[in-house]
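Structure first, then comments.
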Amino acid sequence: MGSSRLNVRQWFAIFGHYYNFQQPYQSLDGRAPAQEVTYTVPLTYVSQTIYMTISDDYQIDMINMGDFTFDDYGRLLDAALAHGYTFYTLQEYVTRSNHDSPHIIVRHDVDRKVSTARSMARVEADRNISTSYYFRTSTFSPETAAEVSGLGHEIGYHYEDLAKTRGDFEAAHERFGRNLTAFRKHADVRTICPHGSPLSPHHNLDMWRGKYSIEDYDLDGEAYLSVDTNNDDAERPSYVSDTGRDWGTTIADFGRISTTDDLIAGLGSDGCERLYLLVHPGRWSRNPIEHVQRVAWDLAAEAGKSTARSVHAIGQVTNDRIIRVFRERT
């Protein structure tokens, strides 16, 4: 192995150590990820896991280094328009009984990098495309909501209340109602979406088990519960997510989709006529400098999530699997 690659791997390891051991994490009340997992896993083991995950050739190769730029996203949108796709916001999709074919639902989880989300909203608006943007309390602001909704997009609440209240259902719903009311002072919030909270053992979607329902909050839809997806059934939307810097899914009538080029190729086939895309603006880069930063961040973040999964047994799953687990619990 050449010294230049070794230096890159060492740099990623240093970045990962900072991300996992030194950087405060909002969902952990200002603690670093390693402080959370060391309650049950010895620190020496966590350290080895993080460094092995970041520096291992297989893990690095699994992340698409050159993908997920704004140029790639623009090509994806243009290809969809060229093939006659209708774009739906989540609210539009769940409130209509009939849908055009082919069609795409586009959902954006704004976990971080609000400026990138605003730029992405403009890229879509330039093409007369409306999509759904879900903001956490940490990424929401009246100014951003006004700009994004003014471009024709839907504003939603990216809730993480069950994780924030450490599994207390009553406290979670109290917090949820308070935050939803605050959002609605500045935007017409009609749908919601759970944040993954990978460092918490509590799944935010579980808020809707038992006596509570989204109708109690005058909502039209929930990002997972209200869309019946199935990647093996061409009559239902296929769920495709950029989580992990890889689209990472297989659609029965098309095949494996890993890169944005794969997804663009799928748009020209008969197997991808109904799609539900999850696009995290924070994973996409507007210029080369941002691209290096995004790749480094994603490498470190995925390493941190892998460590958390060893404690909480939380993995990346497709939408239909999430719903299946939810229904089995109910």
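In the structure tokens, chains take the letters A, B, ... in the order shown, each chain's residues start at 1, and ligands count up from 1 in the order shown.
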
| request: Excluding Gly66 in chain A and any residue of its chain fewer than 5 positions from it, enumerate the residues within 10 Å of it, using only C-alpha atoms, and give them as a list in words. | output: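 The residues satisfying every condition are Asp72, Thr259, His291, Val292 and Val295 of chain A.
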
If you take only C-alpha atoms and a cut-off of 9 Å, which residues of range 91-142 of chain A touch range 179-189 of chain A, and what are their nearest atom pairs and distances in Å to one decimal, in chain and number order, as a tab-separated table?
```
residue	atom	partner	partner_atom	distance
A:Thr137	CA	A:Asn179	CA	7.5
A:Phe140	CA	A:Phe183	CA	8.0
A:Ser141	CA	A:His186	CA	8.5
A:Pro142	CA	A:His186	CA	5.7
```

| query | Can you list, as JSON, numbers by chain, every protein, DNA or RNA residue that comes within 9 Å of range 100-109 of chain A when you count only C-alpha atoms, leaving out same-chain residues fewer than 6 positions away? | reply | {"A": [80, 83, 84, 85, 86, 87, 88, 89, 90, 93, 117, 130, 131, 132, 133, 134, 135, 136, 158, 193, 195, 223, 237, 272, 273, 274, 275, 276, 277, 278, 279, 280, 281, 282]}

| task | Can you work out which one of A:Ala79, A:Glu92, A:Phe70, A:Glu160 has the shortest atom-to-atom distance to Arg122 in chain A, counting only C-alpha atoms? | result | A:Phe70

| Can you list every residue in range 47-236 of chain A that DSSP puts in strand (DSSP E), as a list in words? | Thr86, Phe87, Tyr88, His103, Ile104, Ile105, Val106, Arg107, His108, Asp109, Val110, Ser132, Tyr133, Tyr134, Phe135, Glu154, Ile155, Gly156, Tyr157, His158, Tyr159, Thr191, Ile192, Cys193, Pro194, Gly221 and Glu222 of chain A

| Test item: residues at most 12 Å from His173 in chain A, only C-alpha atoms, excluding those fewer than 5 positions along its chain, as a PyMOL selection string | chain A and resi 159-165+167-168+178-180+204-209+211-214+216-217

| request: Run DSSP on the backbone and grab whatever in range 36-272 of chain A lands in helix (DSSP H, G or I); send it over as a PyMOL selection string. | output: chain A and resi 36-37+43-55+57-62+70-82+90-94+114-125+142-150+161-164+169-184+204-208+214-217+260-267

| query | What's the 10 Å shell around Asp232 in chain A, counting only C-alpha atoms, without same-chain residues fewer than 6 positions away, as a PyMOL selection string? | reply | chain A and resi 238+250-253+271

Using the selection just defined, write its residues with N, CA, C and O atoms as a CSV table (one decimal), in the first residue's frame.
```csv
chain,number,residue,atom,x,y,z
A,238,SER,N,-41.3,1.7,-4.6
A,238,SER,CA,-40.0,1.1,-4.1
A,238,SER,C,-39.3,2.2,-3.3
A,238,SER,O,-39.1,3.3,-3.8
A,250,THR,N,-32.3,-3.2,-3.8
A,250,THR,CA,-32.6,-4.0,-5.0
A,250,THR,C,-34.1,-4.0,-5.3
A,250,THR,O,-34.9,-4.2,-4.5
A,251,ILE,N,-34.4,-3.6,-6.6
A,251,ILE,CA,-35.8,-3.6,-7.0
A,251,ILE,C,-36.0,-4.8,-7.9
A,251,ILE,O,-35.3,-5.0,-8.9
A,252,ALA,N,-37.0,-5.5,-7.6
A,252,ALA,CA,-37.2,-6.8,-8.2
A,252,ALA,C,-37.2,-6.8,-9.7
A,252,ALA,O,-36.6,-7.6,-10.4
A,253,ASP,N,-37.9,-5.8,-10.4
A,253,ASP,CA,-38.0,-5.8,-11.8
A,253,ASP,C,-36.9,-5.0,-12.5
A,253,ASP,O,-36.9,-4.8,-13.7
A,271,GLY,N,-39.1,-1.2,-14.5
A,271,GLY,CA,-39.1,-1.7,-13.2
A,271,GLY,C,-39.1,-0.7,-12.1
A,271,GLY,O,-39.2,-1.0,-10.9
```
